[in-house]
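Asker: Pasting a structure below so you can have a look.
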Amino acid sequence: MAAVLACGDGAVLSHGSAAALMRIGHERRDRIEVSIPRSADLRRPGLLVHRRTAWRSGEIGAFERIPVTSPVQTLIDIAPGLDCMALERAINEADKYDLVNPPQLRKALESRSGEPGARILRTVLDHRTFRLTREELERRFLPLVRQAGLPVPLTKQIVNEFEVDFFWPDLGLVVETDGLRYHRTPAEQARDRLRDQTHTAAGLRNLRFTHEQVRYEPDHVLRILTATAGLISRP
């Protein structure tokens, strides 16, 4: 609060300092980051000052009584300085602490297309909510199955009263795929757990991949399938 007050009217905590305050990121050790109106002229030791044009509605607020950029604006501000994993972690933390969830964030980004951070966030969200069509999922997944040394599976089968994506009855193996990684509802999560528990109790091996993994991380999917094939082949 002292840093914001020292910067005068219109100053707000922002960037990494705002993220640290909200528990969705880390503050720079050497300085506190604040944003001030572009017309202001301010230099303070220990502060990293960002000059901004007029704020739009909803871009600033208060957190623990400290003037601060909104969760959406904070994520936009920190996105260019983070790698993909760190940014995804920040998005997840914002969701965890009920600051903004991925669907709300995606909607807020629709009017922010010109900001570099908004483009980066949208790319991460698009990857994590990526969904393949049924035909493309099979076209990408089945070659990985062959490379892993597994036979061709049955598709869209009813197993233990659940429809599964890929099933090897002779091997006792089930593979499920999820099209949405972010913000699955409690009911969906409960059903996923029940499904996995039911297959395990029936003596099946159960693997779960996201569509994003099949599309963007095929090497990882292949490693898991290959390791599983090795386990199944052991006496």
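In the structure tokens, the first chain shown is A, the next is B, and so on; residue numbers restart at 1 for each chain, and ligands run from 1 in the order shown.
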Which residues are near region 149-160 of chain A? Cut-off 12 Å, only C-alpha atoms, ignore same chain within fewer than 6 positions. Put them as a ChimeraX atom specification.
Answerer: /A:134-135,137-138,141-143,166-177,194-204,206,222-233
Asker: Select from region 108-208 of chain A everything DSSP, run on the backbone, classes as strand (DSSP E), then give the selection as a PyMOL selection string.
Answerer: chain A and resi 154-159+162-168+173-178+205-208
Asker: Which residues of region 1-87 of chain A come within 9 Å of region 100-110 of chain A, and for each one, what is the closest pair of atoms and their distance in Å to one decimal, counting only C-alpha atoms, sorted by chain and residue number, as a tab-separated table?
Answerer:
```
residue	atom	partner	partner_atom	distance
A:Pro71	CA	A:Val100	CA	6.7
A:Val72	CA	A:Leu105	CA	6.5
A:Ile76	CA	A:Leu109	CA	8.9
```
Asker: Taking only C-alpha atoms into account, which of A:Val68, A:Val124, A:Ala11, A:Ile24 comes nearest Val49 (chain A)?
Answerer: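 Among the listed residues, the smallest separation from Val49 (chain A) belongs to A:Ala11.
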Asker: Just asking: which residues within region 3-176 of chain A are alpha helix (DSSP H) according to DSSP, as an MDAnalysis selection string?
Answerer: chainID A and resid 3:6 15:22 71:78 84:96 102:109 116:128 134:147
Asker: From the set A:Thr74, A:Gln189, A:Gln213, A:Ser111, which residue has the shortest atom-to-atom contact distance to Arg128 (chain A), counting only C-alpha atoms?
Answerer: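 Distance minimum relative to Arg128 (chain A) lands on A:Gln213.
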Asker: Using only C-alpha atoms, pick whichever of A:Leu125, A:Val164, A:Ala62, A:Ala187 has the shortest atom-to-atom distance to Glu212 (chain A).
Answerer: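 Smallest separation from Glu212 (chain A) among the options: A:Leu125.
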Asker: What is the distance, in Å and to one decimal place, between CA of Arg208 (chain A) and CA of Asp178 (chain A)?
Answerer: 7.4 Å
Asker: Excluding region 78-94 of chain A and residues on its chain fewer than 6 positions from it, collect all residues at most 12 Å away from it, counting only C-alpha atoms, and give them as JSON, numbers by chain.
Answerer: {"A": [14, 15, 16, 17, 18, 19, 20, 21, 22, 23, 24, 25, 26, 27, 28, 33, 69, 70, 71, 72, 100, 101, 102, 103, 104, 105, 106, 115, 116, 117, 118, 119, 120, 121, 122, 123, 124, 125, 126, 127, 128, 181, 182, 183]}
Asker: Between CA of Thr53 (chain A) and CA of Pro37 (chain A), what is the distance, to one decimal in Å?
Answerer: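 It comes out at 6.0 Å.
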Asker: Rank nothing, just name the residue among A:Arg131, A:His211, A:Val145, A:Gln73 nearest to Gly58 (chain A), using only C-alpha atoms.
Answerer: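 Using only C-alpha atoms, Gly58 (chain A) sits closest to A:Gln73.
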